[in-house]
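> Input file: work26.csv. Contents: CSV, C-alpha atoms and all ligand atoms.
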chain,number,residue,atom,x,y,z
A,27,MET,CA,65.6,8.9,13.7
A,28,PRO,CA,67.8,11.9,12.8
A,29,ALA,CA,65.9,15.2,13.3
A,30,GLY,CA,64.7,17.5,10.6
A,31,VAL,CA,62.3,17.7,7.7
A,32,LEU,CA,64.6,16.2,5.1
A,33,ASN,CA,65.3,13.0,7.1
A,34,SER,CA,61.8,12.6,8.4
A,35,TYR,CA,60.0,12.7,5.0
A,36,LYS,CA,62.8,11.8,2.5
A,37,GLU,CA,60.7,9.8,0.2
A,38,LEU,CA,58.0,12.5,-0.1
A,39,LEU,CA,60.4,15.3,-0.9
A,40,PRO,CA,62.2,16.0,-4.2
A,41,LEU,CA,65.6,14.8,-2.9
A,42,THR,CA,68.4,13.0,-4.8
A,43,ASN,CA,71.6,11.3,-3.7
A,44,ALA,CA,73.3,14.6,-4.2
A,45,THR,CA,71.0,16.6,-1.9
A,46,PRO,CA,72.8,17.6,1.3
A,47,MET,CA,70.8,16.4,4.3
A,48,ILE,CA,71.0,19.6,6.2
A,49,THR,CA,68.9,20.5,9.3
A,50,LEU,CA,68.6,23.1,12.0
A,51,GLY,CA,66.2,20.8,13.8
A,52,GLU,CA,63.0,22.1,12.0
A,53,GLY,CA,59.7,20.3,12.0
A,54,ASP,CA,58.2,17.8,14.4
A,55,THR,CA,56.5,20.7,16.2
A,56,PRO,CA,54.0,20.1,19.1
A,57,LEU,CA,50.3,19.6,18.4
A,58,VAL,CA,48.7,20.7,21.7
A,59,LYS,CA,45.1,20.1,22.6
A,60,SER,CA,43.2,23.0,23.9
A,61,ASN,CA,42.6,23.0,27.6
A,62,ARG,CA,40.2,25.9,28.0
A,63,LEU,CA,39.2,27.7,24.8
A,64,GLY,CA,37.8,24.6,23.1
A,65,ARG,CA,35.6,23.9,26.1
A,66,GLU,CA,34.5,27.5,26.4
A,67,LEU,CA,33.6,27.6,22.7
A,68,GLY,CA,31.9,24.3,22.7
A,69,CYS,CA,34.4,22.5,20.4
A,70,PRO,CA,36.4,20.2,22.6
A,71,GLU,CA,38.4,18.6,19.9
A,72,LEU,CA,40.4,21.7,19.3
A,73,TYR,CA,44.2,21.6,18.7
A,74,PHE,CA,47.0,24.1,18.1
A,75,LYS,CA,50.0,23.3,15.9
A,76,LEU,CA,52.8,25.2,17.4
A,77,GLU,CA,54.9,26.2,14.4
A,78,GLY,CA,56.6,28.9,16.6
A,79,CYS,CA,58.7,26.0,18.0
A,80,ASN,CA,60.7,25.8,14.8
A,81,PRO,CA,64.4,26.8,15.1
A,82,THR,CA,63.8,30.4,13.9
A,83,GLY,CA,60.4,30.6,15.5
A,84,SER,CA,58.1,30.1,12.5
A,85,PHE,CA,56.9,27.5,10.0
A,86,LYS,CA,59.2,29.0,7.3
A,87,ASP,CA,62.1,26.7,8.4
A,88,ARG,CA,60.2,23.7,7.0
A,89,GLY,CA,60.3,25.0,3.5
A,90,MET,CA,63.6,26.9,3.8
A,91,VAL,CA,65.5,23.7,4.6
A,92,VAL,CA,64.4,22.1,1.3
A,93,ALA,CA,64.9,25.3,-0.7
A,94,ILE,CA,68.5,25.7,0.7
A,95,ALA,CA,69.4,22.0,0.3
A,96,LYS,CA,68.3,22.2,-3.4
A,97,ALA,CA,70.1,25.5,-3.9
A,98,LEU,CA,73.3,23.8,-2.5
A,99,GLU,CA,72.7,20.8,-4.7
A,100,GLU,CA,72.4,23.1,-7.7
A,101,GLY,CA,75.6,24.9,-6.8
A,102,SER,CA,74.0,28.2,-5.8
A,103,GLN,CA,76.3,30.9,-4.6
A,104,ALA,CA,73.8,33.2,-2.8
A,105,ILE,CA,70.2,33.4,-1.8
A,106,MET,CA,67.6,36.2,-1.7
A,107,CYS,CA,64.1,36.8,-0.5
A,108,ALA,CA,61.5,39.5,0.2
A,109,SER,CA,59.9,39.2,3.5
A,110,THR,CA,57.5,40.6,6.1
A,111,GLY,CA,60.1,39.2,8.5
A,112,ASN,CA,59.9,35.5,9.1
A,113,THR,CA,61.1,34.3,5.7
A,114,SER,CA,64.1,36.6,6.1
A,115,ALA,CA,64.9,35.2,9.6
A,116,SER,CA,64.7,31.7,8.3
A,117,ALA,CA,66.7,32.4,5.1
A,118,ALA,CA,69.3,34.2,7.1
A,119,ALA,CA,69.7,31.3,9.6
A,120,PHE,CA,70.1,28.7,6.9
A,121,GLY,CA,72.3,31.0,4.9
A,122,ALA,CA,74.6,31.3,7.9
A,123,TYR,CA,74.5,27.5,8.6
A,124,CYS,CA,75.4,26.7,5.0
A,125,ASP,CA,77.8,29.6,4.3
A,126,LEU,CA,75.6,31.1,1.6
A,127,PRO,CA,75.5,34.9,1.4
A,128,THR,CA,71.9,36.0,2.1
A,129,PHE,CA,70.2,39.1,0.9
A,130,VAL,CA,66.8,40.0,2.4
A,131,LEU,CA,64.5,42.8,1.2
A,132,ILE,CA,62.1,44.0,3.8
A,133,PRO,CA,59.5,46.8,3.7
A,134,LYS,CA,61.2,49.6,5.7
A,135,GLY,CA,59.7,50.2,9.1
A,136,GLU,CA,57.1,47.4,8.8
A,137,VAL,CA,58.9,44.3,10.1
A,138,ALA,CA,58.6,43.3,13.8
A,139,MET,CA,61.7,43.9,15.9
A,140,GLY,CA,62.4,40.3,16.8
A,141,LYS,CA,62.5,39.3,13.1
A,142,LEU,CA,64.7,42.2,12.1
A,143,ALA,CA,67.0,41.3,15.0
A,144,GLN,CA,67.2,37.7,13.8
A,145,ALA,CA,68.2,38.6,10.2
A,146,MET,CA,70.8,40.9,11.5
A,147,ALA,CA,72.2,38.5,14.0
A,148,TYR,CA,72.5,35.7,11.5
A,149,GLY,CA,74.5,38.0,9.3
A,150,ALA,CA,72.3,38.5,6.3
A,151,LYS,CA,72.5,41.7,4.2
A,152,VAL,CA,69.3,43.4,5.2
A,153,ILE,CA,68.0,45.8,2.5
A,154,MET,CA,65.2,48.0,3.6
A,155,VAL,CA,63.0,49.0,0.7
A,156,ASN,CA,60.8,52.1,0.6
A,157,GLY,CA,57.8,50.1,-0.4
A,158,ASN,CA,55.6,47.3,0.8
A,159,PHE,CA,56.1,43.5,0.7
A,160,ASP,CA,54.5,43.1,-2.8
A,161,VAL,CA,56.9,45.7,-4.2
A,162,ALA,CA,59.9,44.0,-2.5
A,163,LEU,CA,58.9,40.6,-3.9
A,164,GLY,CA,58.6,42.1,-7.4
A,165,LEU,CA,62.2,43.4,-7.1
A,166,VAL,CA,63.5,40.1,-5.8
A,167,ARG,CA,61.9,38.3,-8.8
A,168,GLU,CA,63.5,40.7,-11.2
A,169,PHE,CA,66.9,40.6,-9.5
A,170,THR,CA,67.1,36.8,-9.3
A,171,LYS,CA,66.1,36.5,-13.0
A,172,LYS,CA,69.0,38.8,-14.0
A,173,ASN,CA,71.6,37.5,-11.5
A,174,GLN,CA,73.0,34.2,-10.3
A,175,VAL,CA,71.1,34.3,-7.0
A,176,THR,CA,68.6,31.8,-5.8
A,177,LEU,CA,65.1,33.1,-4.9
A,178,VAL,CA,63.9,31.5,-1.7
A,179,ASN,CA,60.4,32.9,-1.4
A,180,SER,CA,57.5,30.5,-1.6
A,181,VAL,CA,57.3,31.0,-5.4
A,182,ASN,CA,60.3,28.6,-5.2
A,183,PRO,CA,58.4,25.3,-5.4
A,184,HIS,CA,60.9,23.6,-2.9
A,185,ARG,CA,59.5,25.9,-0.2
A,186,ILE,CA,56.0,24.5,-0.7
A,187,GLU,CA,57.4,20.9,-0.7
A,188,GLY,CA,59.0,21.4,2.7
A,189,GLN,CA,56.0,23.2,4.2
A,190,LYS,CA,53.6,20.4,3.2
A,191,THR,CA,55.3,18.3,5.9
A,192,ALA,CA,53.3,20.1,8.5
A,193,ALA,CA,50.2,18.4,7.1
A,194,PHE,CA,51.9,15.0,7.2
A,195,GLU,CA,52.7,15.6,10.9
A,196,LEU,CA,49.1,16.5,11.7
A,197,VAL,CA,47.9,13.2,10.1
A,198,ASP,CA,50.7,11.3,11.9
A,199,SER,CA,49.6,12.8,15.2
A,200,LEU,CA,45.8,12.6,14.9
A,201,GLY,CA,45.6,9.3,12.9
A,202,ASP,CA,43.7,11.1,10.2
A,203,ALA,CA,43.3,14.5,8.8
A,204,PRO,CA,41.4,17.0,11.0
A,205,ASP,CA,37.9,18.0,9.9
A,206,PHE,CA,38.9,21.7,9.7
A,207,LEU,CA,42.3,23.4,9.3
A,208,PHE,CA,42.3,27.1,10.3
A,209,ILE,CA,45.3,28.9,8.9
A,210,PRO,CA,46.4,32.5,8.4
A,211,VAL,CA,46.9,33.6,4.7
A,212,GLY,CA,49.4,36.1,3.6
A,213,ASN,CA,51.4,35.3,0.5
A,214,ALA,CA,49.3,32.1,0.3
A,215,GLY,CA,52.2,29.7,0.1
A,216,ASN,CA,51.4,27.9,3.4
A,217,ILE,CA,47.7,27.1,2.8
A,218,THR,CA,48.8,25.8,-0.7
A,219,ALA,CA,51.5,23.6,0.9
A,220,TYR,CA,49.2,22.1,3.6
A,221,TRP,CA,46.6,21.3,1.0
A,222,LYS,CA,49.2,19.6,-1.2
A,223,GLY,CA,50.4,17.6,1.9
A,224,PHE,CA,46.9,16.5,2.9
A,225,LYS,CA,46.2,15.4,-0.7
A,226,GLU,CA,49.4,13.5,-1.0
A,227,TYR,CA,49.0,11.6,2.3
A,228,GLN,CA,45.4,10.7,1.3
A,229,SER,CA,46.5,9.4,-2.1
A,230,LEU,CA,49.2,7.2,-0.3
A,231,GLU,CA,46.3,6.0,2.0
A,232,ARG,CA,48.0,7.4,5.1
A,233,SER,CA,44.8,9.3,5.8
A,234,ARG,CA,41.2,8.5,4.9
A,235,THR,CA,39.8,12.0,4.9
A,236,LEU,CA,40.7,15.5,3.8
A,237,PRO,CA,40.1,18.7,5.9
A,238,SER,CA,38.1,21.7,4.9
A,239,MET,CA,40.7,24.4,4.5
A,240,MET,CA,39.8,27.6,6.4
A,241,GLY,CA,42.1,30.5,5.4
A,242,PHE,CA,42.0,33.9,7.1
A,243,GLN,CA,43.4,37.2,5.9
A,244,ALA,CA,43.5,40.4,7.8
A,245,GLU,CA,40.6,42.7,6.9
A,246,GLY,CA,42.8,45.5,5.7
A,247,ALA,CA,44.9,43.0,3.6
A,248,ALA,CA,42.3,40.7,2.2
A,249,PRO,CA,42.8,40.6,-1.6
A,250,ILE,CA,41.6,37.0,-2.0
A,251,VAL,CA,38.4,37.8,0.0
A,252,ARG,CA,37.8,40.9,-2.1
A,253,GLY,CA,38.8,39.3,-5.4
A,254,GLU,CA,41.3,41.9,-6.3
A,255,PRO,CA,44.8,43.1,-5.2
A,256,VAL,CA,45.0,45.6,-2.4
A,257,ALA,CA,47.4,48.4,-3.3
A,258,ASN,CA,48.1,49.6,0.2
A,259,PRO,CA,47.5,46.7,2.6
A,260,GLN,CA,47.1,47.6,6.3
A,261,THR,CA,46.9,45.5,9.4
A,262,ILE,CA,48.5,45.2,12.8
A,263,ALA,CA,49.5,41.7,11.8
A,264,SER,CA,52.6,42.7,9.9
A,265,ALA,CA,53.5,39.2,8.8
A,266,ILE,CA,50.4,39.0,6.6
A,267,ARG,CA,50.4,42.6,5.4
A,268,ILE,CA,50.3,41.5,1.8
A,269,GLY,CA,48.1,42.9,-1.0
A,270,ASN,CA,48.9,40.6,-3.9
A,271,PRO,CA,49.7,37.1,-2.8
A,272,ALA,CA,52.1,35.2,-5.1
A,273,THR,CA,50.3,31.9,-4.7
A,274,TRP,CA,46.8,33.3,-5.0
A,275,ASN,CA,45.5,30.5,-7.2
A,276,GLY,CA,46.9,27.8,-4.8
A,277,ALA,CA,44.8,29.3,-2.0
A,278,VAL,CA,41.7,29.5,-4.1
A,279,ASP,CA,42.1,25.9,-5.2
A,280,ALA,CA,42.7,24.7,-1.6
A,281,ARG,CA,39.4,26.5,-0.6
A,282,ASP,CA,37.4,25.2,-3.6
A,283,GLU,CA,38.7,21.6,-3.7
A,284,SER,CA,38.3,21.2,0.1
A,285,GLY,CA,34.9,22.9,0.5
A,286,GLY,CA,36.6,25.5,2.7
A,287,VAL,CA,36.5,29.2,3.2
A,288,ILE,CA,38.8,32.2,2.7
A,289,ASP,CA,37.5,35.0,4.9
A,290,SER,CA,38.9,37.9,6.8
A,291,VAL,CA,39.2,38.9,10.4
A,292,SER,CA,39.6,42.5,11.8
A,293,ASP,CA,42.6,43.7,13.7
A,294,ASP,CA,40.4,43.8,16.8
A,295,GLU,CA,39.4,40.1,16.3
A,296,ILE,CA,43.1,39.2,15.7
A,297,LEU,CA,44.2,41.0,18.9
A,298,GLU,CA,41.4,39.4,20.9
A,299,ALA,CA,42.4,36.0,19.7
A,300,TYR,CA,46.1,36.8,20.3
A,301,ARG,CA,45.4,37.7,23.9
A,302,GLN,CA,43.1,34.7,24.5
A,303,LEU,CA,45.6,32.2,23.2
A,304,ALA,CA,48.3,33.6,25.5
A,305,SER,CA,46.2,34.2,28.6
A,306,LYS,CA,43.9,31.1,28.4
A,307,GLU,CA,46.1,28.5,26.7
A,308,GLY,CA,49.7,29.5,27.4
A,309,ILE,CA,50.3,29.9,23.7
A,310,PHE,CA,52.2,33.1,22.8
A,311,CYS,CA,52.0,33.4,19.1
A,312,GLU,CA,52.5,36.4,16.9
A,313,PRO,CA,49.4,38.5,15.8
A,314,ALA,CA,49.3,37.1,12.3
A,315,SER,CA,49.3,33.6,13.7
A,316,ALA,CA,46.2,34.4,15.8
A,317,ALA,CA,44.2,35.0,12.6
A,318,SER,CA,43.6,31.3,12.5
A,319,PHE,CA,42.0,31.1,15.9
A,320,ALA,CA,40.3,34.5,15.3
A,321,GLY,CA,38.7,32.9,12.2
A,322,LEU,CA,37.4,30.0,14.2
A,323,VAL,CA,35.8,32.4,16.8
A,324,LYS,CA,34.3,34.4,14.0
A,325,LEU,CA,32.6,31.4,12.4
A,326,LEU,CA,31.3,30.1,15.8
A,327,ARG,CA,29.8,33.6,16.5
A,328,GLN,CA,28.1,33.3,13.1
A,329,GLY,CA,26.5,30.1,14.3
A,330,TRP,CA,28.6,27.4,12.7
A,331,ASP,CA,28.1,24.2,14.6
A,332,LEU,CA,31.5,22.5,15.0
A,333,HIS,CA,30.9,20.8,18.4
A,334,ASP,CA,31.9,17.3,17.2
A,335,LYS,CA,34.6,18.3,14.7
A,336,THR,CA,38.3,17.9,15.0
A,337,ILE,CA,39.8,21.3,14.5
A,338,VAL,CA,43.4,22.4,14.1
A,339,CYS,CA,44.4,26.0,14.3
A,340,VAL,CA,47.9,26.6,12.9
A,341,CYS,CA,50.0,29.0,15.1
A,342,THR,CA,52.5,30.0,12.5
A,343,GLY,CA,55.0,32.1,14.5
A,344,ASN,CA,56.3,32.8,18.0
A,345,GLY,CA,55.0,35.8,20.0
A,346,LEU,CA,58.5,36.8,20.9
A,347,LYS,CA,58.9,38.0,17.3
A,348,ASP,CA,56.9,41.1,18.1
A,349,PRO,CA,57.7,42.1,21.6
A,350,ASP,CA,56.6,45.7,21.2
A,351,LEU,CA,53.0,44.7,20.3
A,352,ALA,CA,53.0,42.2,23.1
A,353,VAL,CA,53.9,44.8,25.7
A,354,SER,CA,51.6,47.5,24.3
A,355,SER,CA,48.6,45.2,24.0
A,356,ALA,CA,48.9,43.1,27.1
A,357,GLY,CA,46.4,45.0,29.2
A,358,GLY,CA,48.9,46.1,31.8
A,359,ASN,CA,48.6,43.7,34.6
A,360,THR,CA,51.8,44.9,36.2
A,361,ALA,CA,52.8,46.7,39.4
A,362,GLU,CA,55.8,48.7,40.5
A,363,VAL,CA,56.5,48.5,44.2
A,364,GLU,CA,59.0,49.2,46.9
A,365,ALA,CA,61.3,46.3,47.8
A,366,ASN,CA,59.6,45.2,51.0
A,367,ILE,CA,57.2,42.4,51.9
A,368,GLU,CA,54.2,44.6,52.7
A,369,ALA,CA,54.4,46.1,49.3
A,370,ILE,CA,54.5,42.6,47.7
A,371,GLU,CA,51.6,41.5,49.8
A,372,ALA,CA,49.6,44.6,48.8
A,373,ALA,CA,50.3,44.0,45.1
A,374,THR,CA,49.4,40.3,45.2
A,375,LEU,CA,46.8,39.7,47.9
A,376,GLY,CA,45.4,43.2,47.6
A,377,ASN,CA,45.3,43.8,51.4
A,378,GLY,CA,46.2,47.3,52.4
A,379,ARG,CA,47.5,49.9,49.9
B,1,LIG,N1,52.0,33.6,9.7
B,1,LIG,C1,53.2,34.1,9.8
B,1,LIG,C2,53.8,34.3,11.2
B,1,LIG,C3,53.9,34.6,8.6
B,1,LIG,O1,55.1,35.0,8.8
B,1,LIG,C4,53.3,34.4,7.4
B,1,LIG,C5,54.0,34.9,6.2
B,1,LIG,C6,52.0,33.9,7.3
B,1,LIG,C7,51.4,33.5,8.5
B,1,LIG,C8,51.3,33.7,6.0
B,1,LIG,O2,51.8,32.6,5.3
B,1,LIG,O3,52.5,33.9,3.3
B,1,LIG,O4,52.4,31.4,3.3
B,1,LIG,O5,50.3,32.7,3.4
B,1,LIG,N2,55.1,35.5,6.2
B,1,LIG,C9,55.9,35.8,5.0
B,1,LIG,C10,57.3,36.3,5.4
B,1,LIG,C11,55.2,36.6,4.0
B,1,LIG,O6,57.9,37.1,4.6
B,1,LIG,O7,57.8,36.0,6.4
B,1,LIG,P1,51.8,32.7,3.7
Give the structure from the file, written as structure tokens.
Ligand code: F0G

Amino acid sequence: MPAGVLNSYKELLPLTNATPMITLGEGDTPLVKSNRLGRELGCPELYFKLEGCNPTGSFKDRGMVVAIAKALEEGSQAIMCASTGNTSASAAAFGAYCDLPTFVLIPKGEVAMGKLAQAMAYGAKVIMVNGNFDVALGLVREFTKKNQVTLVNSVNPHRIEGQKTAAFELVDSLGDAPDFLFIPVGNAGNITAYWKGFKEYQSLERSRTLPSMMGFQAEGAAPIVRGEPVANPQTIASAIRIGNPATWNGAVDARDESGGVIDSVSDDEILEAYRQLASKEGIFCEPASAASFAGLVKLLRQGWDLHDKTIVCVCTGNGLKDPDLAVSSAGGNTAEVEANIEAIEAATLGNGR
């Protein structure tokens, strides 16, 4: 089967004969069973969906391929998004691939280095705004209303259509929906998309069950948990540093219809989860992605009994996106030695020194 989200799920996406079947190889990401953490935590049926394996290193490519294909179909001449980094990387890559000029608005100084590097390398026009993500998204909405430029943030419904394919893949891999889906929540497009995907698959009788949707925001950027926008969102997880999610209602519906939860995790909990995923599972995701696993740990500490449940934590983006944080938070298990065998032995086996 040809690769890509459009080819794999044609009949469940809003495609026509005129839609170009583009792909950068997005989707079909690994679902990896936990080897250590699940056992340690007493929930052996724990899986991680590695969305960092998408071509630009995050789940955004699933929705972007649909948004861009539809933009091309409609004769669009340029695309624009606001971003905490991953959407801009994805838009820039597909813009380059399809020869569509790409404008990305990012909050100045708040985007992880790897993501900024991507947008620049792919040749997008990178516009750094003196304001946060919410402000940048407001400007993009206003600009794209006034100008012939296609908005490719997740308020573009084609983005949600593409992103729902991750839920299809989970059911295709597990044979049914998981009992619980843990997922980070920022602008709230992705939780909305997964829920749509699970419901569609169930109505097509490709799954029997639906999961409980467990969304986690960062404590300093948790508007849905608090029930009101956060004017100045703060968290180490820059990808989800969002105070007024565009798809707020979609997240609330996913929670309420699924009997799920939207809760928050602290930066310390996020960092602990981030380190544990890397050092105990070999999964290097970005801090925002670790909010899903951090949420699971939080609920288990609160006494939730999930020992016989199938649980999926979505790892939304690759850890290489944010190398500065990785190096500064890794705990420093490094050594600098002279170039001789005694020094190597001392550093490894610890004999002598
Ligand atoms: N995880 C990562 C790595 C993200 O980049 C994002 C969002 C999320 C989770 C949250 O997903 O917004 O659909 O609730 N990043 C957007 C961006 C905002 O601009 O790249 P969401």
> Considering only C-alpha atoms, state which residue in the set A:Tyr73, A:Trp330, A:Tyr123, A:Phe194 is at the smallest distance from A:Tyr227.
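Smallest separation from A:Tyr227 among the options: A:Phe194.
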> In Å, with one decimal, what is the gap from atom CA of A:Ser305 to atom CA of A:Gly64?
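Result for atom CA of A:Ser305 versus atom CA of A:Gly64: 13.9 Å, one decimal.
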> Between atom CA of A:Val211 and atom CA of A:Ala265, what is the distance, to one decimal in Å?
9.6 Å
> Kindly give the distance, in Å, that separates atom CA of A:Ala257 and atom CA of A:Val278, rounded to a single decimal.
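Taking atom CA of A:Ala257 and atom CA of A:Val278, their separation equals 19.8 Å.
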> Excluding A:Ala277 and any residue of its chain fewer than 2 positions from it, enumerate the residues within 7 Å of it, using only C-alpha atoms, and give them as a JSON list (two decimals) with C-alpha atoms, in the coordinates of the input.

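What follows is the written file selection09.json:
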[["chain", "number", "residue", "atom", "x", "y", "z"],
["A", 214, "ALA", "CA", 49.30, 32.10, 0.30],
["A", 217, "ILE", "CA", 47.70, 27.10, 2.80],
["A", 218, "THR", "CA", 48.80, 25.80, -0.70],
["A", 273, "THR", "CA", 50.30, 31.90, -4.70],
["A", 274, "TRP", "CA", 46.80, 33.30, -5.00],
["A", 275, "ASN", "CA", 45.50, 30.50, -7.20],
["A", 279, "ASP", "CA", 42.10, 25.90, -5.20],
["A", 280, "ALA", "CA", 42.70, 24.70, -1.60],
["A", 281, "ARG", "CA", 39.40, 26.50, -0.60]]
> Could you list, as a list in words, every residue within 10 Å of A:Glu77, counting only C-alpha atoms and ignoring same-chain residues fewer than 5 positions away?
Glu52, Gly53, Asp54, Thr55, Pro56, Leu57, Thr82, Gly83, Ser84, Phe85, Lys86, Asp87, Arg88, Ala192, Cys311, Ser315, Val340, Cys341, Thr342, Gly343 and Asn344 of chain A
> The selected residues should be written to file as an mmCIF file, in the coordinates of the input (atoms: C-alpha atoms).

data_model
loop_
_atom_site.group_PDB
_atom_site.id
_atom_site.type_symbol
_atom_site.label_atom_id
_atom_site.label_comp_id
_atom_site.auth_asym_id
_atom_site.auth_seq_id
_atom_site.Cartn_x
_atom_site.Cartn_y
_atom_site.Cartn_z
ATOM 1 C CA GLU A 52 63.000 22.100 12.000
ATOM 2 C CA GLY A 53 59.700 20.300 12.000
ATOM 3 C CA ASP A 54 58.200 17.800 14.400
ATOM 4 C CA THR A 55 56.500 20.700 16.200
ATOM 5 C CA PRO A 56 54.000 20.100 19.100
ATOM 6 C CA LEU A 57 50.300 19.600 18.400
ATOM 7 C CA THR A 82 63.800 30.400 13.900
ATOM 8 C CA GLY A 83 60.400 30.600 15.500
ATOM 9 C CA SER A 84 58.100 30.100 12.500
ATOM 10 C CA PHE A 85 56.900 27.500 10.000
ATOM 11 C CA LYS A 86 59.200 29.000 7.300
ATOM 12 C CA ASP A 87 62.100 26.700 8.400
ATOM 13 C CA ARG A 88 60.200 23.700 7.000
ATOM 14 C CA ALA A 192 53.300 20.100 8.500
ATOM 15 C CA CYS A 311 52.000 33.400 19.100
ATOM 16 C CA SER A 315 49.300 33.600 13.700
ATOM 17 C CA VAL A 340 47.900 26.600 12.900
ATOM 18 C CA CYS A 341 50.000 29.000 15.100
ATOM 19 C CA THR A 342 52.500 30.000 12.500
ATOM 20 C CA GLY A 343 55.000 32.100 14.500
ATOM 21 C CA ASN A 344 56.300 32.800 18.000
#
> Using all atoms listed in the file, which residue out of A:Val130, A:Ala95, A:Ala119, A:Val31 lies closest to ligand LIG 1 (chain B)?
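Looking at the shortest contact to ligand LIG 1 (chain B), the residue is A:Val130.
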> I'd like the contact shell of A:Gly157 - 10 Å cut-off, only C-alpha atoms, skipping same-chain residues fewer than 6 positions apart - returned as a tab-separated table (two decimals) with C-alpha atoms, keeping the file's coordinate frame.

chain	number	residue	atom	x	y	z
A	132	ILE	CA	62.10	44.00	3.80
A	133	PRO	CA	59.50	46.80	3.70
A	134	LYS	CA	61.20	49.60	5.70
A	135	GLY	CA	59.70	50.20	9.10
A	136	GLU	CA	57.10	47.40	8.80
A	258	ASN	CA	48.10	49.60	0.20
> For a cutoff of 12 Å around the file-coordinate point (49.5, 19.4, -0.3), which residues qualify once you count only C-alpha atoms? I'd like the result as a ChimeraX atom specification.
/A:38-39,183,185-194,215-229,236-237,239,276-277,279-280,283-284
> Have a look at A:Ala147, A:Leu76, A:Met139, A:Leu177 and name the one nearest to A:Ser102; count all atoms listed in the file.
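Of A:Ala147, A:Leu76, A:Met139, A:Leu177, the one nearest A:Ser102, counting all atoms listed in the file, is A:Leu177.
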> Have a look at A:Ala122, A:Ala304, A:Ala361, A:Val178 and name the one nearest to ligand LIG 1 (chain B); count all atoms listed in the file.
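Ranked by minimum distance to ligand LIG 1 (chain B), first place goes to A:Val178.
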> Compile the contact shell of stretch 248-256 of chain A as a PDB file with C-alpha atoms, keeping the file's coordinate frame: residues with an atom at most 7 Å away, counting all atoms listed in the file, same-chain residues fewer than 3 positions apart removed.

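Written file, result33.pdb:
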ATOM      1  CA  GLN A 243      43.400  37.200   5.900  1.00  0.00           C
ATOM      2  CA  ALA A 244      43.500  40.400   7.800  1.00  0.00           C
ATOM      3  CA  GLU A 245      40.600  42.700   6.900  1.00  0.00           C
ATOM      4  CA  PRO A 259      47.500  46.700   2.600  1.00  0.00           C
ATOM      5  CA  GLY A 269      48.100  42.900  -1.000  1.00  0.00           C
ATOM      6  CA  ASN A 270      48.900  40.600  -3.900  1.00  0.00           C
ATOM      7  CA  ILE A 288      38.800  32.200   2.700  1.00  0.00           C
ATOM      8  CA  ASP A 289      37.500  35.000   4.900  1.00  0.00           C
ATOM      9  CA  SER A 290      38.900  37.900   6.800  1.00  0.00           C
TER      10      SER A 290
END
> Which of these, A:His333, A:Lys306, A:Lys59, A:Lys141, has the shortest distance to ligand LIG 1 (chain B) once you count all atoms listed in the file?
A:Lys141
> Fewer than 3 positions away in the same chain doesn't count, so skip those; otherwise give me all residues within 7 Å of A:Phe319, counting only C-alpha atoms, as a PyMOL selection string.
chain A and resi 208+299+316+322-323+339
> Looking at all atoms listed in the file, which of A:Thr49, A:Thr374, A:Ser180, A:Gln174 is the one that sits closest to A:Ser114?
A:Ser180
